>>> print(open('coords_24.txt').read())   # compact mmCIF, C-alpha atoms
# COMPACT_ATOMS: atom_id res chain seq x y z
CA MET A 5 53.63 56.89 17.17
CA THR A 6 50.90 55.24 19.19
CA ARG A 7 51.71 53.64 22.54
CA PRO A 8 51.04 49.92 22.89
CA PRO A 9 48.08 49.15 25.16
CA SER A 10 49.11 48.68 28.80
CA PRO A 11 48.67 45.27 30.48
CA GLY A 12 45.88 46.90 32.55
CA LEU A 13 43.90 47.68 29.44
CA LEU A 14 44.51 44.24 27.98
CA ALA A 15 43.61 42.57 31.27
CA ARG A 16 40.38 44.57 31.42
CA ALA A 17 39.62 43.56 27.84
CA ALA A 18 40.29 39.88 28.68
CA LEU A 19 38.13 40.10 31.80
CA ALA A 20 35.32 41.63 29.75
CA LEU A 21 35.11 38.31 27.91
CA TYR A 22 33.90 36.55 31.08
CA PRO A 23 30.25 36.19 32.15
CA PRO A 24 29.07 39.09 34.34
CA SER A 25 28.58 36.86 37.40
CA TRP A 26 32.16 35.56 37.07
CA ARG A 27 33.54 39.11 36.72
CA ALA A 28 31.57 40.30 39.73
CA ARG A 29 32.94 37.49 41.87
CA TYR A 30 36.57 37.19 40.74
CA GLY A 31 37.29 40.32 38.66
CA ASP A 32 38.93 42.37 41.45
CA GLU A 33 41.03 39.45 42.62
CA VAL A 34 42.29 38.72 39.11
CA ARG A 35 43.18 42.38 38.57
CA ALA A 36 45.06 42.44 41.89
CA LEU A 37 46.93 39.26 40.91
CA LEU A 38 47.91 40.68 37.52
CA GLU A 39 49.09 43.92 39.12
CA GLU A 40 51.25 42.02 41.63
CA SER A 41 52.64 39.52 39.17
CA GLY A 42 53.28 42.12 36.48
CA GLY A 43 50.66 40.73 34.11
CA GLY A 44 52.27 40.20 30.75
CA LEU A 45 50.80 39.14 27.46
CA ALA A 46 50.96 35.43 28.28
CA ALA A 47 48.93 35.94 31.47
CA VAL A 48 46.37 38.04 29.62
CA ALA A 49 46.17 35.51 26.78
CA SER A 50 45.62 32.69 29.27
CA LEU A 51 42.91 34.74 30.93
CA ALA A 52 41.18 35.35 27.59
CA TRP A 53 41.43 31.68 26.62
CA ARG A 54 39.84 30.54 29.88
CA ALA A 55 36.83 32.81 29.32
CA LEU A 56 35.27 30.34 26.91
CA PRO A 57 34.74 27.47 29.39
CA ALA A 58 33.47 30.01 31.93
CA TRP A 59 30.53 30.64 29.58
CA PHE A 60 29.88 27.01 28.68
CA TRP A 61 30.38 25.54 32.16
CA PRO A 62 29.69 28.37 34.59
CA PRO A 63 30.65 27.49 38.18
CA ARG A 64 27.55 26.28 40.00
CA HIS A 65 27.92 28.64 42.94
CA LEU A 66 27.79 31.62 40.55
CA HIS A 67 24.75 30.38 38.71
CA ASP A 68 21.83 32.76 39.28
CA ARG A 69 19.13 30.51 37.85
CA PRO A 70 16.25 33.03 37.76
CA ALA A 71 18.55 35.54 36.01
CA ARG A 72 19.56 32.82 33.53
CA MET A 73 15.90 32.00 32.84
CA ARG A 74 14.98 35.66 32.35
CA ALA A 75 17.92 36.32 30.01
CA SER A 76 17.21 33.16 27.99
CA LEU A 77 13.51 33.96 27.78
CA GLY A 78 14.22 37.46 26.48
CA THR A 79 16.62 36.16 23.82
CA ALA A 80 14.43 33.22 22.82
CA LEU A 81 11.37 35.47 22.51
CA MET A 82 13.22 37.93 20.29
CA PHE A 83 14.56 35.23 17.95
CA TRP A 84 11.29 33.30 18.00
CA SER A 85 9.57 36.48 16.75
CA MET A 86 12.16 36.92 14.01
CA LEU A 87 11.72 33.29 12.99
CA ALA A 88 7.94 33.70 12.95
CA GLY A 89 8.45 36.77 10.74
CA LEU A 90 10.65 34.79 8.37
CA GLY A 91 7.99 32.07 8.36
CA LEU A 92 5.29 34.56 7.44
CA VAL A 93 7.44 35.83 4.57
CA PHE A 94 7.73 32.21 3.43
CA ALA A 95 3.94 31.77 3.65
CA GLN A 96 3.36 35.03 1.77
CA LEU A 97 5.73 34.10 -1.07
CA THR A 98 4.58 30.51 -1.43
CA GLN A 99 1.28 29.34 0.03
CA LEU A 100 -0.57 32.64 -0.25
CA GLN A 101 0.48 32.84 -3.91
CA SER A 102 -0.99 29.35 -4.36
CA LEU A 103 2.52 28.22 -5.25
CA MET A 104 2.24 24.46 -5.55
CA ALA A 105 4.57 22.20 -7.44
CA PRO A 106 2.60 19.42 -9.13
CA GLY A 107 4.42 16.13 -8.74
CA TYR A 108 6.16 17.28 -5.56
CA ALA A 109 3.94 16.12 -2.71
CA GLU A 110 6.78 17.02 -0.30
CA VAL A 111 6.08 20.70 -0.86
CA ARG A 112 2.42 20.26 0.06
CA TRP A 113 3.48 18.30 3.14
CA ALA A 114 6.04 20.94 4.06
CA TYR A 115 3.34 23.63 3.87
CA ALA A 116 1.06 21.59 6.14
CA VAL A 117 3.86 20.89 8.62
CA PHE A 118 4.85 24.56 8.62
CA ASP A 119 1.27 25.74 9.25
CA GLY A 120 0.69 23.23 12.03
CA SER A 121 4.05 23.86 13.70
CA LEU A 122 3.75 27.63 13.59
CA ALA A 123 0.25 27.55 15.10
CA LEU A 124 1.18 25.00 17.77
CA SER A 125 4.38 26.82 18.69
CA ALA A 126 2.52 30.13 19.05
CA LEU A 127 -0.10 28.39 21.20
CA VAL A 128 2.49 26.81 23.50
CA ALA A 129 4.45 30.06 23.80
CA GLY A 130 1.28 32.02 24.52
CA LEU A 131 -0.14 29.61 27.09
CA GLY A 132 3.23 29.05 28.78
CA GLY A 133 4.06 32.74 28.95
CA LEU A 134 0.60 33.97 29.95
CA PRO A 135 0.91 33.38 33.75
CA LEU A 136 4.27 35.19 33.81
CA TRP A 137 2.91 38.05 31.70
CA LEU A 138 -0.12 38.40 33.99
CA LEU A 139 2.11 38.26 37.08
CA MET A 140 4.31 41.06 35.78
CA LEU A 141 1.30 43.07 34.59
CA ARG A 142 -0.35 42.85 38.02
CA ARG A 143 2.85 43.95 39.74
CA ALA A 144 3.39 46.82 37.30
CA ARG A 145 -0.20 47.98 37.90
CA ARG A 146 0.04 47.60 41.68
CA GLU A 147 3.29 49.55 41.82
CA ARG A 148 2.11 52.07 39.19
CA ARG A 149 5.03 51.39 36.91
CA ALA A 150 3.74 53.02 33.73
CA ARG A 151 6.80 52.24 31.64
CA ASP A 152 6.70 48.55 32.51
CA MET A 153 2.97 48.47 31.72
CA LEU A 154 3.79 49.89 28.30
CA TYR A 155 6.54 47.32 27.76
CA LEU A 156 4.19 44.50 28.69
CA LEU A 157 1.46 45.76 26.36
CA LEU A 158 3.82 46.07 23.38
CA PRO A 159 3.14 42.47 22.18
CA VAL A 160 -0.46 43.61 21.63
CA LEU A 161 0.09 47.23 20.61
CA ALA A 162 2.91 46.67 18.07
CA PRO A 163 1.08 44.06 15.92
CA VAL A 164 -2.17 46.05 16.03
CA ALA A 165 -0.34 49.22 14.94
CA TYR A 166 1.45 47.27 12.21
CA LEU A 167 -1.73 45.69 10.86
CA ALA A 168 -3.49 49.07 10.86
CA GLY A 169 -0.54 50.60 8.98
CA LEU A 170 -0.52 47.68 6.58
CA ALA A 171 -4.21 48.06 5.82
CA VAL A 172 -3.79 51.79 5.14
CA THR A 173 -0.70 51.18 2.97
CA VAL A 174 -2.41 48.53 0.86
CA ARG A 175 -5.42 50.78 0.40
CA LEU A 176 -3.27 53.76 -0.64
CA VAL A 177 -0.61 52.14 -2.83
CA GLY A 178 -2.05 48.74 -3.67
CA GLY A 179 -3.24 47.83 -7.14
CA PRO A 180 -5.17 44.85 -8.56
CA ASN A 181 -2.00 42.72 -8.21
CA GLY A 182 -1.13 43.91 -4.72
CA VAL A 183 1.71 46.30 -3.93
CA SER A 184 4.94 46.87 -5.85
CA LEU A 185 8.17 45.08 -4.92
CA SER A 186 9.62 48.13 -3.18
CA TRP A 187 6.46 48.54 -1.11
CA PHE A 188 6.47 44.83 -0.35
CA LEU A 189 10.04 45.11 0.97
CA ALA A 190 9.12 48.20 3.00
CA VAL A 191 6.08 46.46 4.49
CA THR A 192 8.18 43.35 5.26
CA LEU A 193 10.89 45.36 7.00
CA ALA A 194 8.22 47.22 8.98
CA GLY A 195 6.79 43.83 9.97
CA PHE A 196 10.17 42.71 11.32
CA ALA A 197 10.53 45.98 13.18
CA ALA A 198 7.06 45.50 14.72
CA ALA A 199 7.93 41.93 15.71
CA ALA A 200 11.19 43.10 17.29
CA ILE A 201 9.39 45.83 19.25
CA ALA A 202 6.68 43.39 20.36
CA ALA A 203 9.30 40.92 21.60
CA ALA A 204 11.56 43.55 23.17
CA GLY A 205 8.74 44.80 25.43
CA PRO A 206 8.41 41.70 27.65
CA GLY A 207 12.20 41.24 27.49
CA LEU A 208 12.73 44.70 28.98
CA ALA A 209 9.99 44.11 31.57
CA LEU A 210 11.71 40.85 32.58
CA ARG A 211 14.95 42.72 33.18
CA ARG A 212 13.30 45.53 35.15
CA LEU A 213 10.77 43.57 37.22
CA GLN A 214 13.00 40.51 37.76
CA PRO A 215 10.19 38.00 38.41
CA ARG A 216 10.96 34.60 39.95
CA GLY A 217 9.03 31.51 40.94
CA PRO A 218 6.80 28.93 39.24
CA ALA A 219 5.45 31.28 36.55
CA LEU A 220 9.01 32.02 35.40
CA ARG A 221 9.90 28.32 35.36
CA LEU A 222 6.75 27.46 33.42
CA ALA A 223 7.55 30.12 30.82
CA ALA A 224 11.14 28.87 30.52
CA VAL A 225 10.02 25.27 30.00
CA ALA A 226 7.26 26.32 27.56
CA SER A 227 9.81 28.36 25.62
CA VAL A 228 11.94 25.32 24.84
CA VAL A 229 8.88 23.33 23.74
CA ALA A 230 7.76 26.25 21.55
CA ALA A 231 11.28 26.61 20.16
CA ALA A 232 11.54 22.90 19.35
CA ILE A 233 8.19 22.99 17.51
CA MET A 234 9.31 26.14 15.71
CA ALA A 235 12.48 24.32 14.66
CA VAL A 236 10.23 21.78 12.94
CA ALA A 237 8.57 24.68 11.09
CA ALA A 238 12.05 25.89 10.09
CA VAL A 239 12.90 22.45 8.71
CA ALA A 240 9.64 22.52 6.73
CA ILE A 241 10.63 25.90 5.28
CA VAL A 242 14.04 24.57 4.28
CA VAL A 243 12.53 21.47 2.65
CA ALA A 244 9.94 23.46 0.68
CA VAL A 245 12.34 26.18 -0.48
CA VAL A 246 15.06 23.71 -1.48
CA ILE A 247 12.61 21.59 -3.49
CA LEU A 248 11.09 24.63 -5.17
CA CYS A 249 14.50 26.05 -6.05
CA LEU A 250 16.18 22.85 -7.18
CA TRP A 251 13.46 20.89 -8.87
CA ALA A 252 10.58 23.22 -9.50
CA ARG A 253 12.27 26.51 -10.27
CA GLN A 254 9.57 27.53 -12.68
CA PHE A 255 7.26 27.74 -9.68
CA SER A 256 9.63 29.39 -7.27
CA GLY A 257 10.09 32.53 -9.29
CA TYR A 258 13.80 32.70 -8.39
CA HIS A 259 16.41 32.53 -11.11
CA ASN A 260 19.41 32.31 -8.83
CA PHE A 261 20.20 30.81 -5.47
CA THR A 262 21.43 33.96 -3.76
CA THR A 263 18.14 35.22 -2.31
CA PRO A 264 16.83 31.81 -1.21
CA GLY A 265 20.30 30.97 0.13
CA ILE A 266 20.45 34.10 2.29
CA TYR A 267 16.88 33.49 3.40
CA LEU A 268 17.57 29.87 4.40
CA ALA A 269 20.77 30.84 6.23
CA LEU A 270 18.73 33.37 8.23
CA VAL A 271 16.08 30.75 9.00
CA VAL A 272 18.65 28.20 10.19
CA ALA A 273 20.61 30.75 12.25
CA THR A 274 17.48 32.16 13.88
CA ALA A 275 16.09 28.70 14.67
CA THR A 276 19.43 27.67 16.18
CA VAL A 277 19.68 30.72 18.44
CA THR A 278 16.03 30.37 19.51
CA THR A 279 16.42 26.70 20.42
CA ALA A 280 19.80 27.12 22.14
CA SER A 281 18.62 30.07 24.25
CA ALA A 282 15.38 28.38 25.21
CA ALA A 283 17.27 25.19 26.13
CA ARG A 284 19.58 27.11 28.45
CA GLY A 285 16.61 28.73 30.17
CA ALA A 286 14.78 25.41 30.50
CA ARG A 287 17.87 23.72 31.91
CA ALA A 288 18.05 26.39 34.61
CA ALA A 289 14.32 25.97 35.27
CA LEU A 290 14.45 22.21 35.56
CA HIS A 291 17.47 22.20 37.87
CA THR A 292 16.15 24.68 40.37
CA GLY A 293 14.55 23.51 43.57
CA ALA A 294 13.52 26.95 44.73
CA MET B 16 65.78 20.91 33.24
CA THR B 17 62.07 21.41 32.66
CA ASN B 18 60.15 18.18 33.02
CA ARG B 19 58.22 17.38 29.84
CA LEU B 20 55.34 16.09 31.96
CA ASP B 21 54.90 19.50 33.67
CA ARG B 22 52.15 20.43 31.25
CA TRP B 23 50.13 17.51 32.62
CA ALA B 24 50.47 18.74 36.20
CA ASP B 25 47.08 18.78 37.86
CA PRO B 26 46.40 22.45 38.76
CA PRO B 27 43.51 21.72 41.19
CA LEU B 28 45.77 19.37 43.13
CA LEU B 29 48.58 21.94 43.18
CA VAL B 30 46.23 24.61 44.54
CA LEU B 31 44.83 22.27 47.19
CA ALA B 32 48.37 21.30 48.21
CA SER B 33 49.36 24.95 48.42
CA LEU B 34 46.42 25.73 50.70
CA ALA B 35 46.95 22.65 52.86
CA ASP B 36 49.03 24.46 55.50
CA GLU B 37 47.48 27.93 55.63
CA PRO B 38 45.08 30.23 53.75
CA LYS B 39 46.56 32.14 50.82
CA HIS B 40 45.37 34.64 48.23
CA GLY B 41 45.83 34.20 44.48
CA TYR B 42 49.30 35.72 44.14
CA ALA B 43 50.60 33.83 47.19
CA ILE B 44 49.29 30.57 45.71
CA THR B 45 51.11 31.16 42.40
CA GLN B 46 54.33 32.03 44.25
CA ASP B 47 54.08 29.01 46.52
CA VAL B 48 53.32 26.60 43.67
CA ALA B 49 56.19 28.02 41.60
CA GLN B 50 58.72 27.83 44.47
CA THR B 51 57.79 24.51 46.01
CA MET B 52 56.49 22.55 43.05
CA GLY B 53 58.20 24.28 40.14
CA VAL B 54 54.99 24.91 38.19
CA ARG B 55 53.89 28.36 37.01
CA LEU B 56 50.12 28.84 37.19
CA SER B 57 48.79 31.62 34.96
CA ALA B 58 46.04 33.94 36.20
CA GLY B 59 43.49 32.33 33.86
CA THR B 60 44.32 28.81 34.98
CA LEU B 61 44.47 29.73 38.67
CA TYR B 62 41.07 31.40 38.77
CA ALA B 63 39.43 28.73 36.64
CA VAL B 64 40.68 26.24 39.24
CA ILE B 65 39.67 28.41 42.21
CA ALA B 66 36.15 28.78 40.78
CA ARG B 67 35.85 25.03 40.26
CA LEU B 68 37.21 24.10 43.69
CA GLU B 69 34.96 26.67 45.36
CA ALA B 70 31.92 25.35 43.47
CA ARG B 71 32.69 21.84 44.74
CA GLY B 72 33.16 23.01 48.32
CA LEU B 73 36.83 21.98 48.43
CA ILE B 74 38.05 25.49 49.25
CA GLU B 75 36.29 28.55 50.66
CA PRO B 76 36.97 32.28 50.53
CA LEU B 77 37.71 34.20 53.71
CA GLU B 78 36.47 37.68 54.50
CA SER B 79 38.86 40.38 53.42
CA ASP B 80 38.90 44.16 53.18
CA ASP B 81 41.56 43.84 50.52
CA ARG B 82 40.92 43.00 46.87
CA ARG B 83 43.20 40.01 47.44
CA ARG B 84 40.77 37.56 49.00
CA PRO B 85 42.43 34.62 50.76
CA TYR B 86 41.16 31.05 50.40
CA ARG B 87 41.40 28.13 52.78
CA ILE B 88 40.99 24.43 52.25
CA THR B 89 37.77 22.89 53.64
CA ALA B 90 37.43 19.55 55.43
CA ALA B 91 36.15 18.02 52.19
CA GLY B 92 39.11 19.53 50.33
CA ALA B 93 41.60 18.15 52.86
CA GLU B 94 40.01 14.72 52.59
CA ALA B 95 40.13 14.82 48.78
CA LEU B 96 43.76 15.96 48.87
CA ALA B 97 44.71 13.20 51.33
CA MET B 98 43.07 10.53 49.16
CA GLN B 99 44.71 11.82 46.00
CA SER B 100 48.10 12.10 47.73
CA GLU B 101 47.80 8.51 48.91
CA ARG B 102 47.01 7.36 45.39
CA MET B 103 49.89 9.38 43.92
CA SER B 104 52.21 8.02 46.57
CA LYS B 105 51.34 4.47 45.53
CA VAL B 106 51.90 5.37 41.87
CA ALA B 107 55.26 6.96 42.73
CA SER B 108 56.38 3.90 44.73
CA LEU B 109 55.36 1.57 41.94
CA ALA B 110 57.11 3.71 39.33
CA ARG B 111 60.35 3.82 41.36
CA GLU B 112 60.25 0.09 41.98
CA ARG B 113 59.74 -0.80 38.32
CA LEU B 114 62.30 1.71 37.07
CA SER B 115 64.92 0.36 39.45
CA THR B 116 64.18 -3.20 38.33
CA ARG B 117 64.35 -2.32 34.66
CA LEU B 118 67.08 0.29 34.48
CA GLY B 119 68.83 0.07 37.79
CA TRP B 120 67.58 3.60 38.48
CA SER B 121 68.11 4.63 42.09
CA GLY B 122 65.96 7.78 42.14
CA ALA B 123 66.80 11.47 42.21
>>> encode(input="coords_24.txt", output="structure tokens")
Amino acid sequence: MTRPPSPGLLARAALALYPPSWRARYGDEVRALLEESGGGLAAVASLAWRALPAWFWPPRHLHDRPARMRASLGTALMFWSMLAGLGLVFAQLTQLQSLMAPGYAEVRWAYAVFDGSLALSALVAGLGGLPLWLLMLRRARRERRARDMLYLLLPVLAPVAYLAGLAVTVRLVGGPNGVSLSWFLAVTLAGFAAAAIAAAGPGLALRRLQPRGPALRLAAVASVVAAAIMAVAAVAIVVAVVILCLWARQFSGYHNFTTPGIYLALVVATATVTTASAARGARAALHTGA
Amino acid sequence: MTNRLDRWADPPLLVLASLADEPKHGYAITQDVAQTMGVRLSAGTLYAVIARLEARGLIEPLESDDRRRPYRITAAGAEALAMQSERMSKVASLARERLSTRLGWSGA
């Protein structure tokens, strides 16, 4: 027979639901209170329930704004990269196949909006993040932090390595009609992996170097602008795919809604996380006076 | 008998009232509020309130070697408590007066 978990374990589990800054400030006191009062399931349940507002409305005196900006930037960058990857899959399966639906001008418009939004979003993200990237790169060089240098160079190294691998793969296994479906899936998954590695590099450098100041604020504000523009690209993807699947299925190449449905759910979820994370970082940036 | 309006008790006000005479740590606050005001504050509610009051500068933590950190009410907290008490006192007087007129109630 297994023993029921002790109130200590449950209390620790409930406390783990709180934001780290909240736990660091009040965790010991809450544990001491639960030990003195005997804890109990009701106390632990109340503690768990109150964790939710602690995330949504963190107490101001616990709000480490630079840490919030860095965490949001790392998350937004990762999901922005995934969204860009999903967008490139969309472009590959539609525009680059010359997939147009005569009589559906919306699809042509959606392609144009997608192209413009993707390019503009990348430009804003690049220009807004460049000063912060240079700042961290200079510091990593000055302090001879080889690992951080590597992390910061990953956004360049990972895509270059991927494109080189892609070129070799196409040359080796490609035919007159391109590569087979299995190779296409493999190349696509490798592309997502490369995008994740490229985005993870600066995210790790942000955590290790902990930069602050105007460059960080600029990057945080630029990230929400880039995310909002990318959300427009996501809407364009949704519009084009829905029209192709519902009214021009002969052009879409899909005979069921499962694959496009999963794809669109991923697009919407990724765009939502990107925008929400970037908005949290920008809110911290715009409220700080330091 | 448990008052059906207990669930609407204002926990920040209860905590401020508990700290009005002397600094107390979390457990002492819950004991004081339970004994003097008849309301049980759970750990989750108490520390949500403490965090909010501290953020607004109405209470402040004191140095402690113990894990049980005591809190004291600040001048701003005392002022806020006094204002709210005054308002509640007026509401209580009005309620008593109208109840006595309507029902002949003479109070507890």
>>> closest_residue(input="coords_24.txt", among="A:Gly285, A:Gly42, A:Pro23, A:Gly91", to="A:Phe60", atoms="all atoms listed in the file")
A:Pro23
>>> residues_around(input="coords_24.txt", residues="stretch 84-86 of chain B", least_positions_apart="3", cutoff="12 Å", atoms="all atoms listed in the file", output="PyMOL selection string")
(chain A and resi 29-37) or (chain B and resi 30-31+33-44+62+65-66+68-69+72-81+89+92)
>>> residues_around(input="coords_24.txt", residues="A:Leu158", least_positions_apart="5", cutoff="8 Å", atoms="all atoms listed in the file", output="list in words")
Ile201, Ala202, Ala203, Gly205 and Pro206 of chain A
>>> interface_residues(input="coords_24.txt", of="chain B", to="chain A", cutoff="6 Å", atoms="all atoms listed in the file", output="list in words")
Tyr42, Ser57, Ala58, Gly59, Ala70, Arg82 and Arg83 of chain B
>>> atom_distance(input="coords_24.txt", atom1="atom CA of A:Leu156", atom2="atom CA of A:Leu220")
15.0 Å
>>> atom_distance(input="coords_24.txt", atom1="atom CA of A:Arg72", atom2="atom CA of A:Ala230")
18.1 Å
>>> residues_around(input="coords_24.txt", residues="A:Ala286", least_positions_apart="3", cutoff="9 Å", atoms="only C-alpha atoms", output="VMD selection string")
chain A and resid 73 76 221 to 228 281 to 283 289 to 291
>>> atom_distance(input="coords_24.txt", atom1="atom CA of A:Pro264", atom2="atom CA of A:Val245")
7.2 Å
>>> residues_near_point(input="coords_24.txt", point="(7.8, 39.2, 15.0)", cutoff="8 Å", atoms="all atoms listed in the file", output="PDB file with C-alpha atoms, in the frame of the given file")
ATOM      1  CA  MET A  82      13.220  37.930  20.290  1.00  0.00           C
ATOM      2  CA  TRP A  84      11.290  33.300  18.000  1.00  0.00           C
ATOM      3  CA  SER A  85       9.570  36.480  16.750  1.00  0.00           C
ATOM      4  CA  MET A  86      12.160  36.920  14.010  1.00  0.00           C
ATOM      5  CA  LEU A  87      11.720  33.290  12.990  1.00  0.00           C
ATOM      6  CA  ALA A  88       7.940  33.700  12.950  1.00  0.00           C
ATOM      7  CA  GLY A  89       8.450  36.770  10.740  1.00  0.00           C
ATOM      8  CA  GLY A 195       6.790  43.830   9.970  1.00  0.00           C
ATOM      9  CA  PHE A 196      10.170  42.710  11.320  1.00  0.00           C
ATOM     10  CA  ALA A 197      10.530  45.980  13.180  1.00  0.00           C
ATOM     11  CA  ALA A 198       7.060  45.500  14.720  1.00  0.00           C
ATOM     12  CA  ALA A 199       7.930  41.930  15.710  1.00  0.00           C
ATOM     13  CA  ALA A 200      11.190  43.100  17.290  1.00  0.00           C
ATOM     14  CA  ALA A 202       6.680  43.390  20.360  1.00  0.00           C
ATOM     15  CA  ALA A 203       9.300  40.920  21.600  1.00  0.00           C
TER      16      ALA A 203
END
>>> closest_residue(input="coords_24.txt", among="B:Ser100, B:Thr45, B:Thr116, B:Arg111", to="B:Val64", atoms="all atoms listed in the file")
B:Thr45
>>> closest_residue(input="coords_24.txt", among="A:Arg287, A:Ser125, A:Val243, A:Ala168", to="A:Leu268", atoms="all atoms listed in the file")
A:Val243
>>> residues_around(input="coords_24.txt", residues="A:Ala244", least_positions_apart="5", cutoff="10 Å", atoms="all atoms listed in the file", output="VMD selection string")
chain A and resid 94 98 104 to 105 108 110 to 115 118 238 to 239 249 256
>>> closest_residue(input="coords_24.txt", among="A:Gly133, A:Asn181, A:Arg212, A:Ala204", to="A:Arg151", atoms="all atoms listed in the file")
A:Arg212
>>> decode(input="coords_24.txt", residues="stretch 83-95 of chain B", atoms="N, CA and C atoms", output="PDB file, in the first residue's frame")
ATOM      1  N   ARG B  83       9.949  32.958   9.921  1.00  0.00           N
ATOM      2  CA  ARG B  83       8.668  33.653  10.134  1.00  0.00           C
ATOM      3  C   ARG B  83       8.933  35.151  10.201  1.00  0.00           C
ATOM      4  N   ARG B  84       8.814  35.814   9.084  1.00  0.00           N
ATOM      5  CA  ARG B  84       9.131  37.244   9.038  1.00  0.00           C
ATOM      6  C   ARG B  84       7.930  38.066   9.531  1.00  0.00           C
ATOM      7  N   PRO B  85       8.147  38.925  10.511  1.00  0.00           N
ATOM      8  CA  PRO B  85       7.017  39.753  10.969  1.00  0.00           C
ATOM      9  C   PRO B  85       6.782  40.953  10.044  1.00  0.00           C
ATOM     10  N   TYR B  86       5.551  41.428  10.059  1.00  0.00           N
ATOM     11  CA  TYR B  86       5.172  42.607   9.259  1.00  0.00           C
ATOM     12  C   TYR B  86       4.611  43.668  10.194  1.00  0.00           C
ATOM     13  N   ARG B  87       4.803  44.929   9.815  1.00  0.00           N
ATOM     14  CA  ARG B  87       4.168  45.999  10.575  1.00  0.00           C
ATOM     15  C   ARG B  87       3.446  46.930   9.611  1.00  0.00           C
ATOM     16  N   ILE B  88       2.441  47.595  10.160  1.00  0.00           N
ATOM     17  CA  ILE B  88       1.658  48.519   9.354  1.00  0.00           C
ATOM     18  C   ILE B  88       2.471  49.804   9.162  1.00  0.00           C
ATOM     19  N   THR B  89       2.399  50.395   7.971  1.00  0.00           N
ATOM     20  CA  THR B  89       3.113  51.656   7.719  1.00  0.00           C
ATOM     21  C   THR B  89       2.176  52.833   8.015  1.00  0.00           C
ATOM     22  N   ALA B  90       2.720  54.041   7.927  1.00  0.00           N
ATOM     23  CA  ALA B  90       1.883  55.230   8.156  1.00  0.00           C
ATOM     24  C   ALA B  90       0.760  55.286   7.119  1.00  0.00           C
ATOM     25  N   ALA B  91       1.108  54.953   5.875  1.00  0.00           N
ATOM     26  CA  ALA B  91       0.078  54.953   4.816  1.00  0.00           C
ATOM     27  C   ALA B  91      -0.975  53.887   5.099  1.00  0.00           C
ATOM     28  N   GLY B  92      -0.533  52.738   5.615  1.00  0.00           N
ATOM     29  CA  GLY B  92      -1.463  51.664   5.953  1.00  0.00           C
ATOM     30  C   GLY B  92      -2.382  52.072   7.083  1.00  0.00           C
ATOM     31  N   ALA B  93      -1.827  52.731   8.104  1.00  0.00           N
ATOM     32  CA  ALA B  93      -2.638  53.169   9.241  1.00  0.00           C
ATOM     33  C   ALA B  93      -3.673  54.198   8.783  1.00  0.00           C
ATOM     34  N   GLU B  94      -3.238  55.074   7.888  1.00  0.00           N
ATOM     35  CA  GLU B  94      -4.170  56.093   7.376  1.00  0.00           C
ATOM     36  C   GLU B  94      -5.305  55.432   6.587  1.00  0.00           C
ATOM     37  N   ALA B  95      -4.926  54.482   5.727  1.00  0.00           N
ATOM     38  CA  ALA B  95      -5.947  53.782   4.924  1.00  0.00           C
ATOM     39  C   ALA B  95      -6.905  53.022   5.829  1.00  0.00           C
TER      40      ALA B  95
END
